[in-house]
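Okay, structure first, notes after.
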Amino acid sequence: MLDGDAVIASQADVEALREFSGITGNLELAASLEPLDVALPQLRHVGGDLRAESTRLRRFAAPRLEGIDGELWFY
């Protein structure tokens with residue numbers, strides 16, 4: 001469980017979050033210069049919002065995601 005917010009702006013950020021099953025705060029996919037393939041296979045819960053704004057997101061996968069306490073935003 002990651003305590004607090006998480007920001008993904010690069011593939012390195014994706015790799016750092018791959019093993020977490022939960023995030024107590026928001027999960028933000030921030031603007032990035034590189035195309036992002038986000039795969040979070042263990043993520044089950046986000047305690048805040050899940051937001052993706054102005055990204056070069058190619059793919060988002062969180063197959064075990066069961067709940068988001070906040071709002072889901074994809075722009």
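Following the order of the structure tokens, first chain is A, next is B, and so on, with residues numbered from 1 inside each chain and ligands from 1 in the order they appear.
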Neighbouring residues of Pro63 of chain A were defined as those with any atom within 8 Å, considering only C-alpha atoms; residues of the same chain fewer than 2 positions away were excluded. Please report them as a PyMOL selection string. chain A and resi 40-43+61+65
Report the residues of segment 12-65 of chain A whose backbone DSSP state falls under strand (DSSP E or B), written as a tab-separated table (two decimals) with C-alpha atoms, in the first residue's frame.
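Result written to selection-v2.tsv:
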chain	number	residue	atom	x	y	z
A	22	GLY	CA	-3.40	0.26	-3.20
A	23	ILE	CA	-2.82	4.00	-3.14
A	27	LEU	CA	-3.28	8.60	-8.78
A	28	GLU	CA	-2.41	11.12	-11.50
A	29	LEU	CA	-1.11	10.37	-14.97
A	36	LEU	CA	3.03	5.91	-21.78
A	37	ASP	CA	1.99	2.28	-21.47
A	38	VAL	CA	0.65	2.04	-17.93
A	39	ALA	CA	0.19	-1.46	-16.55
A	45	HIS	CA	-7.87	0.36	-4.83
A	46	VAL	CA	-7.31	4.12	-5.20
A	50	LEU	CA	-7.74	8.59	-10.73
A	51	ARG	CA	-6.86	11.34	-13.22
A	52	ALA	CA	-5.20	11.44	-16.62
A	57	LEU	CA	-1.25	7.66	-22.83
A	58	ARG	CA	-1.29	4.72	-25.22
A	59	ARG	CA	-2.59	2.08	-22.86
A	60	PHE	CA	-3.88	1.85	-19.31
A	61	ALA	CA	-4.38	-1.52	-17.65
Would you mind reading off the distance between atom CA of Asp5 of chain A and atom CA of Gly48 of chain A, one decimal, in Å?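 If I compute the distance from atom CA of Asp5 of chain A to atom CA of Gly48 of chain A, I get 8.2 Å.
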Going by DSSP on the backbone, which bits of chain A are alpha helix (DSSP H)? Write them as number ranges by chain, please. A: 11-17
Just-selected residues, N, CA, C and O atoms written as a tab-separated table (two decimals), in the first residue's frame:
chain	number	residue	atom	x	y	z
A	11	GLN	N	7.82	6.13	-17.81
A	11	GLN	CA	7.78	4.67	-17.66
A	11	GLN	C	8.46	4.25	-16.37
A	11	GLN	O	8.07	3.26	-15.75
A	12	ALA	N	9.46	5.00	-15.91
A	12	ALA	CA	10.12	4.68	-14.64
A	12	ALA	C	9.13	4.80	-13.48
A	12	ALA	O	9.16	3.99	-12.54
A	13	ASP	N	8.23	5.79	-13.55
A	13	ASP	CA	7.20	5.92	-12.51
A	13	ASP	C	6.26	4.73	-12.53
A	13	ASP	O	5.84	4.24	-11.48
A	14	VAL	N	5.91	4.25	-13.72
A	14	VAL	CA	5.04	3.08	-13.85
A	14	VAL	C	5.71	1.88	-13.18
A	14	VAL	O	5.09	1.16	-12.39
A	15	GLU	N	6.98	1.67	-13.47
A	15	GLU	CA	7.71	0.54	-12.89
A	15	GLU	C	7.76	0.63	-11.37
A	15	GLU	O	7.65	-0.39	-10.69
A	16	ALA	N	7.90	1.84	-10.84
A	16	ALA	CA	7.98	2.01	-9.39
A	16	ALA	C	6.66	1.69	-8.69
A	16	ALA	O	6.65	1.33	-7.52
A	17	LEU	N	5.55	1.76	-9.41
A	17	LEU	CA	4.23	1.52	-8.82
A	17	LEU	C	3.65	0.14	-9.13
A	17	LEU	O	2.59	-0.21	-8.61
Residue contacts of Ala31 of chain A (8 Å, only C-alpha atoms) excluding same-chain residues fewer than 2 positions away, as a count of residues only: 7
Mind giving me the straight-line distance from atom CA of Asp49 of chain A to atom CA of Ile68 of chain A in Å, one decimal? 6.7 Å
Taking only C-alpha atoms into account, which of A:Ser32, A:Gly4, A:Asn26, A:Arg44 comes nearest Leu72 of chain A? A:Asn26
